[in-house]
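Novice: There's a structure below that I have some questions on.
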Amino acid sequence: MPYAIEFSNTPLAIPERCWGSADNVPPQGDDTQSTIQFTPFTSCIGVCARNDAGSRIIGIHLSVADDQGNVFAVNDVPTVAQILASWGYNPASVFVIGQIAVWQESVPQAYQALLATLGNPPVYSYGDGQYGAGLDTNGALVPTYAE
């Protein structure tokens with residue numbers, strides 16, 4: 001069975017190999033609030049983007065391998081691109097967050113193919129923790145992170 005990515009209706013706790021989206025959550029004062037958030041990362045990455053209208057944020061939680069040992073591969077990259085395209089994402093808003101070093105070491109060809117397909121977006125890695133995305137005080141989509 002191939003590596004599968006499913007929809008999740010829990011945008012503040014998107015589990016592995018799932019994607020979710022939510023309406024923008026404005027910052028509280030100077031504090032960015034997560035609009036989408038993933039379950040904790042120890043070896044995962046997330047792909048985040050806004051829709052063309054700028055009103056919603058999507059997050060895709062990718063693990064190196066699934067429960068059956070299927071590893072994320074180059075031929076899984078089009079699935080990620082198709083999810084983003086069908087959701088109506090803005091390619092200029094994409095960024096990748098999470099355990100970048102793990103992906104560079106474990107699945108380097110698939111990771112590089114993913115970045116190339118996404119237009120070589122910004123990449124953020126802060127270590128183990130809970131990653132997400134939200135709007136800053138300027139209305140820009142930025143990563144969120146908590147240990």
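To be explicit about the labels: the chains of the structure tokens are called A, B, and onward in the order shown, and within each one the residues are counted from 1, while ligands get numbers from 1 in the order they are shown.
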Excluding Trp103 of chain A and any residue of its chain fewer than 4 positions from it, enumerate the residues within 10 Å of it, using only C-alpha atoms, and give them as a ChimeraX atom specification.
Specialist: /A:43-45,63-64,72,98-99,107-112
Novice: Generate a file of the selected residues that holds all heavy atoms, formatted as an mmCIF file, in the first residue's frame.
Specialist:
```
data_model
loop_
_atom_site.group_PDB
_atom_site.id
_atom_site.type_symbol
_atom_site.label_atom_id
_atom_site.label_comp_id
_atom_site.auth_asym_id
_atom_site.auth_seq_id
_atom_site.Cartn_x
_atom_site.Cartn_y
_atom_site.Cartn_z
ATOM 1 N N SER A 43 10.489 13.632 14.000
ATOM 2 C CA SER A 43 11.169 13.313 12.741
ATOM 3 C C SER A 43 10.357 13.781 11.529
ATOM 4 O O SER A 43 10.681 13.428 10.411
ATOM 5 C CB SER A 43 11.421 11.804 12.636
ATOM 6 O OG SER A 43 10.187 11.108 12.613
ATOM 7 N N CYS A 44 9.336 14.570 11.749
ATOM 8 C CA CYS A 44 8.408 14.972 10.682
ATOM 9 C C CYS A 44 8.709 16.369 10.154
ATOM 10 O O CYS A 44 9.463 17.133 10.761
ATOM 11 C CB CYS A 44 6.967 14.955 11.206
ATOM 12 S SG CYS A 44 6.398 13.329 11.711
ATOM 13 N N ILE A 45 8.089 16.665 9.028
ATOM 14 C CA ILE A 45 8.077 18.028 8.501
ATOM 15 C C ILE A 45 6.638 18.408 8.193
ATOM 16 O O ILE A 45 5.759 17.548 8.070
ATOM 17 C CB ILE A 45 8.957 18.206 7.244
ATOM 18 C CG1 ILE A 45 8.484 17.325 6.085
ATOM 19 C CG2 ILE A 45 10.425 17.986 7.578
ATOM 20 C CD1 ILE A 45 9.188 17.616 4.758
ATOM 21 N N SER A 63 5.405 12.419 7.593
ATOM 22 C CA SER A 63 6.363 11.609 8.343
ATOM 23 C C SER A 63 7.302 10.927 7.346
ATOM 24 O O SER A 63 6.950 10.734 6.186
ATOM 25 C CB SER A 63 5.640 10.565 9.191
ATOM 26 O OG SER A 63 4.893 9.692 8.374
ATOM 27 N N VAL A 64 8.482 10.568 7.805
ATOM 28 C CA VAL A 64 9.438 9.881 6.936
ATOM 29 C C VAL A 64 8.855 8.563 6.444
ATOM 30 O O VAL A 64 8.991 8.206 5.281
ATOM 31 C CB VAL A 64 10.784 9.662 7.662
ATOM 32 C CG1 VAL A 64 11.697 8.742 6.867
ATOM 33 C CG2 VAL A 64 11.476 10.987 7.913
ATOM 34 N N PHE A 72 8.306 7.919 2.636
ATOM 35 C CA PHE A 72 7.967 9.000 1.713
ATOM 36 C C PHE A 72 9.014 9.004 0.610
ATOM 37 O O PHE A 72 10.215 9.035 0.868
ATOM 38 C CB PHE A 72 7.952 10.347 2.442
ATOM 39 C CG PHE A 72 7.487 11.480 1.586
ATOM 40 C CD1 PHE A 72 6.135 11.773 1.487
ATOM 41 C CD2 PHE A 72 8.379 12.262 0.874
ATOM 42 C CE1 PHE A 72 5.691 12.821 0.692
ATOM 43 C CE2 PHE A 72 7.950 13.309 0.076
ATOM 44 C CZ PHE A 72 6.595 13.596 -0.018
ATOM 45 N N GLY A 98 10.046 21.970 10.397
ATOM 46 C CA GLY A 98 10.186 20.702 11.091
ATOM 47 C C GLY A 98 11.591 20.161 11.144
ATOM 48 O O GLY A 98 12.561 20.909 11.157
ATOM 49 N N GLN A 99 11.669 18.847 11.149
ATOM 50 C CA GLN A 99 12.921 18.120 11.330
ATOM 51 C C GLN A 99 13.663 17.972 10.000
ATOM 52 O O GLN A 99 13.780 16.877 9.447
ATOM 53 C CB GLN A 99 12.636 16.760 11.956
ATOM 54 C CG GLN A 99 11.981 16.858 13.311
ATOM 55 C CD GLN A 99 12.876 17.577 14.311
ATOM 56 O OE1 GLN A 99 14.093 17.462 14.265
ATOM 57 N NE2 GLN A 99 12.275 18.327 15.205
ATOM 58 N N VAL A 107 15.601 10.633 3.739
ATOM 59 C CA VAL A 107 14.978 10.569 2.407
ATOM 60 C C VAL A 107 15.429 11.773 1.567
ATOM 61 O O VAL A 107 14.614 12.588 1.134
ATOM 62 C CB VAL A 107 13.430 10.495 2.515
ATOM 63 C CG1 VAL A 107 12.966 9.146 3.018
ATOM 64 C CG2 VAL A 107 12.873 11.610 3.394
ATOM 65 N N PRO A 108 16.732 11.884 1.322
ATOM 66 C CA PRO A 108 17.247 13.097 0.675
ATOM 67 C C PRO A 108 16.678 13.362 -0.716
ATOM 68 O O PRO A 108 16.376 14.522 -1.045
ATOM 69 C CB PRO A 108 18.762 12.868 0.620
ATOM 70 C CG PRO A 108 18.936 11.383 0.731
ATOM 71 C CD PRO A 108 17.786 10.910 1.585
ATOM 72 N N GLN A 109 16.509 12.335 -1.530
ATOM 73 C CA GLN A 109 15.989 12.568 -2.885
ATOM 74 C C GLN A 109 14.539 13.023 -2.841
ATOM 75 O O GLN A 109 14.148 13.947 -3.552
ATOM 76 C CB GLN A 109 16.139 11.315 -3.740
ATOM 77 C CG GLN A 109 17.576 10.992 -4.069
ATOM 78 C CD GLN A 109 17.715 9.685 -4.823
ATOM 79 O OE1 GLN A 109 16.962 8.743 -4.614
ATOM 80 N NE2 GLN A 109 18.696 9.631 -5.710
ATOM 81 N N ALA A 110 13.739 12.394 -2.005
ATOM 82 C CA ALA A 110 12.328 12.781 -1.890
ATOM 83 C C ALA A 110 12.210 14.182 -1.310
ATOM 84 O O ALA A 110 11.386 14.982 -1.763
ATOM 85 C CB ALA A 110 11.578 11.777 -1.021
ATOM 86 N N TYR A 111 13.032 14.494 -0.309
ATOM 87 C CA TYR A 111 12.998 15.827 0.299
ATOM 88 C C TYR A 111 13.371 16.896 -0.732
ATOM 89 O O TYR A 111 12.681 17.911 -0.855
ATOM 90 C CB TYR A 111 13.927 15.872 1.513
ATOM 91 C CG TYR A 111 14.011 17.240 2.138
ATOM 92 C CD1 TYR A 111 12.917 17.785 2.800
ATOM 93 C CD2 TYR A 111 15.174 17.991 2.051
ATOM 94 C CE1 TYR A 111 12.988 19.049 3.356
ATOM 95 C CE2 TYR A 111 15.255 19.250 2.606
ATOM 96 C CZ TYR A 111 14.148 19.780 3.262
ATOM 97 O OH TYR A 111 14.223 21.042 3.807
ATOM 98 N N GLN A 112 14.430 16.673 -1.484
ATOM 99 C CA GLN A 112 14.842 17.646 -2.507
ATOM 100 C C GLN A 112 13.790 17.773 -3.602
ATOM 101 O O GLN A 112 13.524 18.878 -4.097
ATOM 102 C CB GLN A 112 16.206 17.279 -3.085
ATOM 103 C CG GLN A 112 17.348 17.489 -2.112
ATOM 104 C CD GLN A 112 17.414 18.908 -1.569
ATOM 105 O OE1 GLN A 112 17.255 19.891 -2.280
ATOM 106 N NE2 GLN A 112 17.629 19.017 -0.260
#
```
Novice: Please list as a ChimeraX atom specification every residue within 9 Å of Ala101 of chain A, counting only C-alpha atoms and excluding residues in the same chain fewer than 4 positions away.
Specialist: /A:43,105-106,125
Novice: DSSP says helix (DSSP H, G or I) for which residues of chain A? Put them as a PyMOL selection string?
Specialist: chain A and resi 74-87+91-93+100-106+108-117
Novice: Give me the residues within 12 Å of Asn70 of chain A as a list of chain:residue names, counting only C-alpha atoms and dropping any in the same chain fewer than 3 places off.
Specialist: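 In the requested form, the answer reads A:Met1, A:Pro2, A:Tyr3, A:Ala4, A:Arg17, A:Ser63, A:Val64, A:Ala65, A:Asp66, A:Asp67, A:Ala73, A:Asn75, A:Asp76, A:Val107.
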Novice: Taking into account only C-alpha atoms, which residue in the set A:Ile5, A:Leu62, A:Ala53, A:Val102 is nearest to Asn24 of chain A?
Specialist: A:Ala53
Novice: My list of candidates is A:Thr144, A:Ser93, A:Ser86, A:Asn138. Which is closest to Pro122 of chain A when distances are computed with only C-alpha atoms?
Specialist: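 Checking each of A:Thr144, A:Ser93, A:Ser86, A:Asn138 against Pro122 of chain A, counting only C-alpha atoms, the winner is A:Ser93.
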Novice: May I ask for the distance between atom CA of Tyr145 of chain A and atom CA of Trp87 of chain A, given in Å to one decimal place?
Specialist: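 Here the two named atoms are 24.2 Å from each other.
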Novice: Using only C-alpha atoms, which of the listed residues (A:Val74, A:Ala146, A:Val94, A:Ala133) sits closest to Pro11 of chain A?
Specialist: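 Among the listed residues, the smallest separation from Pro11 of chain A belongs to A:Ala133.
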Novice: What's the 12 Å shell around Gly20 of chain A, counting only C-alpha atoms, without same-chain residues fewer than 2 positions away, as a PyMOL selection string?
Specialist: chain A and resi 5-18+22-23+35-39+46-50+56-61+83-84+87+132-133
Novice: Export N, CA and C atoms of the chosen residues as a short mmCIF file (atom, residue, chain, number, x, y, z; two decimals), in the first residue's frame?
Specialist:
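So out-v4.cif came out as:
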```cif
data_model
loop_
_atom_site.label_atom_id
_atom_site.label_comp_id
_atom_site.auth_asym_id
_atom_site.auth_seq_id
_atom_site.Cartn_x
_atom_site.Cartn_y
_atom_site.Cartn_z
N ILE A 5 -1.88 10.29 2.36
CA ILE A 5 -2.10 11.53 3.12
C ILE A 5 -3.60 11.78 3.12
N GLU A 6 -4.18 11.87 4.31
CA GLU A 6 -5.63 12.01 4.45
C GLU A 6 -6.00 13.35 5.04
N PHE A 7 -7.27 13.72 4.90
CA PHE A 7 -7.79 14.95 5.48
C PHE A 7 -8.01 14.77 6.98
N SER A 8 -7.75 15.81 7.74
CA SER A 8 -8.02 15.83 9.17
C SER A 8 -8.88 17.05 9.48
N ASN A 9 -9.90 16.87 10.30
CA ASN A 9 -10.74 18.02 10.68
C ASN A 9 -10.30 18.60 12.03
N THR A 10 -9.03 18.37 12.40
CA THR A 10 -8.47 18.93 13.62
C THR A 10 -7.31 19.86 13.27
N PRO A 11 -7.59 21.08 12.80
CA PRO A 11 -6.53 21.95 12.32
C PRO A 11 -5.52 22.39 13.38
N LEU A 12 -5.83 22.23 14.65
CA LEU A 12 -4.86 22.58 15.69
C LEU A 12 -4.15 21.35 16.25
N ALA A 13 -4.36 20.21 15.63
CA ALA A 13 -3.67 18.97 16.01
C ALA A 13 -3.65 18.03 14.80
N ILE A 14 -3.04 18.50 13.71
CA ILE A 14 -2.99 17.71 12.47
C ILE A 14 -2.03 16.55 12.69
N PRO A 15 -2.55 15.31 12.62
CA PRO A 15 -1.69 14.14 12.87
C PRO A 15 -0.81 13.80 11.65
N GLU A 16 0.10 12.86 11.87
CA GLU A 16 1.00 12.42 10.80
C GLU A 16 0.22 11.94 9.59
N ARG A 17 0.76 12.28 8.42
CA ARG A 17 0.21 11.89 7.12
C ARG A 17 -1.22 12.38 6.92
N CYS A 18 -1.48 13.57 7.44
CA CYS A 18 -2.79 14.21 7.27
C CYS A 18 -2.59 15.67 6.92
N ALA A 22 -7.77 25.90 8.08
CA ALA A 22 -8.65 26.69 8.94
C ALA A 22 -8.62 28.14 8.49
N ASP A 23 -9.67 28.87 8.85
CA ASP A 23 -9.71 30.31 8.62
C ASP A 23 -8.61 30.97 9.44
N THR A 35 -2.91 29.24 13.48
CA THR A 35 -4.15 28.95 12.77
C THR A 35 -4.23 27.46 12.50
N ILE A 36 -3.09 26.89 12.15
CA ILE A 36 -2.98 25.43 12.03
C ILE A 36 -1.80 25.02 12.89
N GLN A 37 -1.88 23.79 13.42
CA GLN A 37 -0.80 23.28 14.25
C GLN A 37 -0.75 21.77 14.08
N PHE A 38 0.44 21.23 14.12
CA PHE A 38 0.64 19.80 13.96
C PHE A 38 0.82 19.13 15.32
N THR A 39 0.55 17.82 15.39
CA THR A 39 0.95 17.08 16.57
C THR A 39 2.48 17.16 16.63
N GLY A 46 6.41 19.70 8.05
CA GLY A 46 5.11 20.20 7.67
C GLY A 46 5.24 21.17 6.50
N VAL A 47 4.26 21.13 5.63
CA VAL A 47 4.17 22.07 4.52
C VAL A 47 3.01 23.00 4.86
N CYS A 48 3.25 24.31 4.84
CA CYS A 48 2.23 25.29 5.18
C CYS A 48 2.06 26.28 4.04
N ALA A 49 0.83 26.77 3.85
CA ALA A 49 0.56 27.76 2.80
C ALA A 49 -0.77 28.44 3.09
N ARG A 50 -0.99 29.56 2.41
CA ARG A 50 -2.28 30.26 2.44
C ARG A 50 -3.00 29.98 1.13
N ARG A 56 -7.42 31.58 4.40
CA ARG A 56 -7.26 30.29 5.07
C ARG A 56 -5.81 29.82 4.99
N ILE A 57 -5.45 28.95 5.93
CA ILE A 57 -4.12 28.36 5.97
C ILE A 57 -4.27 26.85 5.93
N ILE A 58 -3.38 26.19 5.19
CA ILE A 58 -3.35 24.73 5.12
C ILE A 58 -2.03 24.25 5.71
N GLY A 59 -2.08 23.08 6.31
CA GLY A 59 -0.89 22.42 6.79
C GLY A 59 -0.93 20.95 6.41
N ILE A 60 0.19 20.42 5.93
CA ILE A 60 0.31 19.01 5.58
C ILE A 60 1.42 18.42 6.43
N HIS A 61 1.09 17.42 7.25
CA HIS A 61 2.03 16.78 8.19
C HIS A 61 2.60 15.53 7.52
N ILE A 83 -2.71 18.01 -3.42
CA ILE A 83 -3.50 18.49 -2.27
C ILE A 83 -3.47 20.02 -2.24
N LEU A 84 -2.29 20.59 -2.37
CA LEU A 84 -2.17 22.06 -2.36
C LEU A 84 -2.94 22.69 -3.51
N TRP A 87 -6.72 22.54 -3.18
CA TRP A 87 -7.15 23.42 -2.10
C TRP A 87 -7.08 24.88 -2.51
N GLY A 132 3.57 24.91 13.79
CA GLY A 132 2.32 25.35 13.19
C GLY A 132 2.57 26.57 12.33
N ALA A 133 1.49 27.27 12.01
CA ALA A 133 1.59 28.48 11.20
C ALA A 133 0.47 29.42 11.59
#
```
Novice: Quick one: of A:Asp136, A:Ala92, A:Val142, A:Val71, who's nearest to Asn120 of chain A, counting only C-alpha atoms?
Specialist: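 Smallest distance to Asn120 of chain A is found for A:Ala92.
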Novice: My list of candidates is A:Gly139, A:Gly69, A:Pro78, A:Pro26. Which is closest to Leu118 of chain A when distances are computed with only C-alpha atoms?
Specialist: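 Among the listed residues, the smallest separation from Leu118 of chain A belongs to A:Pro78.
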Novice: Just list as a list of chain:residue names whatever in segment 58-144 of chain A DSSP marks as strand (DSSP E or B).
Specialist: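 Here are the strand (DSSP E or B) residues of segment 58-144 of chain A: A:Ile58, A:Gly59, A:Ile60, A:His61, A:Leu62, A:Ala65, A:Val71, A:Tyr89, A:Phe95, A:Val96, A:Ile97, A:Gly98, A:Val123, A:Tyr124, A:Gly129, A:Gln130, A:Tyr131, A:Gly132, A:Ala133, A:Gly134, A:Leu135, A:Leu141, A:Val142, A:Pro143, A:Thr144.
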Novice: Next, dump the selected residues to file, keeping only C-alpha atoms, as a PDB file, in the first residue's frame.
Specialist:
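Final output, saved to part_10.pdb:
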```pdb
ATOM      1  CA  ILE A  58      -3.345  24.733   5.120  1.00  0.00           C
ATOM      2  CA  GLY A  59      -0.885  22.419   6.793  1.00  0.00           C
ATOM      3  CA  ILE A  60       0.309  19.012   5.578  1.00  0.00           C
ATOM      4  CA  HIS A  61       2.027  16.778   8.186  1.00  0.00           C
ATOM      5  CA  LEU A  62       4.552  14.436   6.569  1.00  0.00           C
ATOM      6  CA  ALA A  65       7.571   6.553   6.998  1.00  0.00           C
ATOM      7  CA  VAL A  71       8.823   5.598   3.215  1.00  0.00           C
ATOM      8  CA  TYR A  89      -2.996  27.518  -2.446  1.00  0.00           C
ATOM      9  CA  PHE A  95       7.120  27.231   3.618  1.00  0.00           C
ATOM     10  CA  VAL A  96       8.414  23.969   5.097  1.00  0.00           C
ATOM     11  CA  ILE A  97       8.964  23.458   8.829  1.00  0.00           C
ATOM     12  CA  GLY A  98      10.186  20.702  11.091  1.00  0.00           C
ATOM     13  CA  VAL A 123      12.614  26.177   5.389  1.00  0.00           C
ATOM     14  CA  TYR A 124      12.497  26.467   9.202  1.00  0.00           C
ATOM     15  CA  GLY A 129       8.388  20.312  19.351  1.00  0.00           C
ATOM     16  CA  GLN A 130       5.035  21.492  18.136  1.00  0.00           C
ATOM     17  CA  TYR A 131       5.073  23.365  14.853  1.00  0.00           C
ATOM     18  CA  GLY A 132       2.325  25.347  13.186  1.00  0.00           C
ATOM     19  CA  ALA A 133       1.595  28.483  11.204  1.00  0.00           C
ATOM     20  CA  GLY A 134      -0.241  31.722  11.842  1.00  0.00           C
ATOM     21  CA  LEU A 135      -0.405  35.392  10.977  1.00  0.00           C
ATOM     22  CA  LEU A 141       2.099  33.832   7.269  1.00  0.00           C
ATOM     23  CA  VAL A 142       4.860  32.739   9.643  1.00  0.00           C
ATOM     24  CA  PRO A 143       5.863  29.530  11.440  1.00  0.00           C
ATOM     25  CA  THR A 144       4.890  28.966  15.057  1.00  0.00           C
TER      26      THR A 144
END
```
Novice: Go through A:Gln28, A:Thr42, A:Ser55, A:Gln68 one by one, measure the shortest atom-to-atom distance of each to Thr137 of chain A using only C-alpha atoms, and give the residue with the smallest value.
Specialist: A:Gln28
Novice: Atom CA of Gln33 of chain A and atom CA of Asn51 of chain A are how many Å apart?
Specialist: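 So the two atoms, atom CA of Gln33 of chain A and atom CA of Asn51 of chain A, lie 17.8 Å apart.
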Novice: Please compute the atom CA of Gly127 of chain A-atom CA of Ile100 of chain A distance, one decimal, in Å.
Specialist: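 Computing the Euclidean distance for atom CA of Gly127 of chain A and atom CA of Ile100 of chain A yields 8.9 Å.
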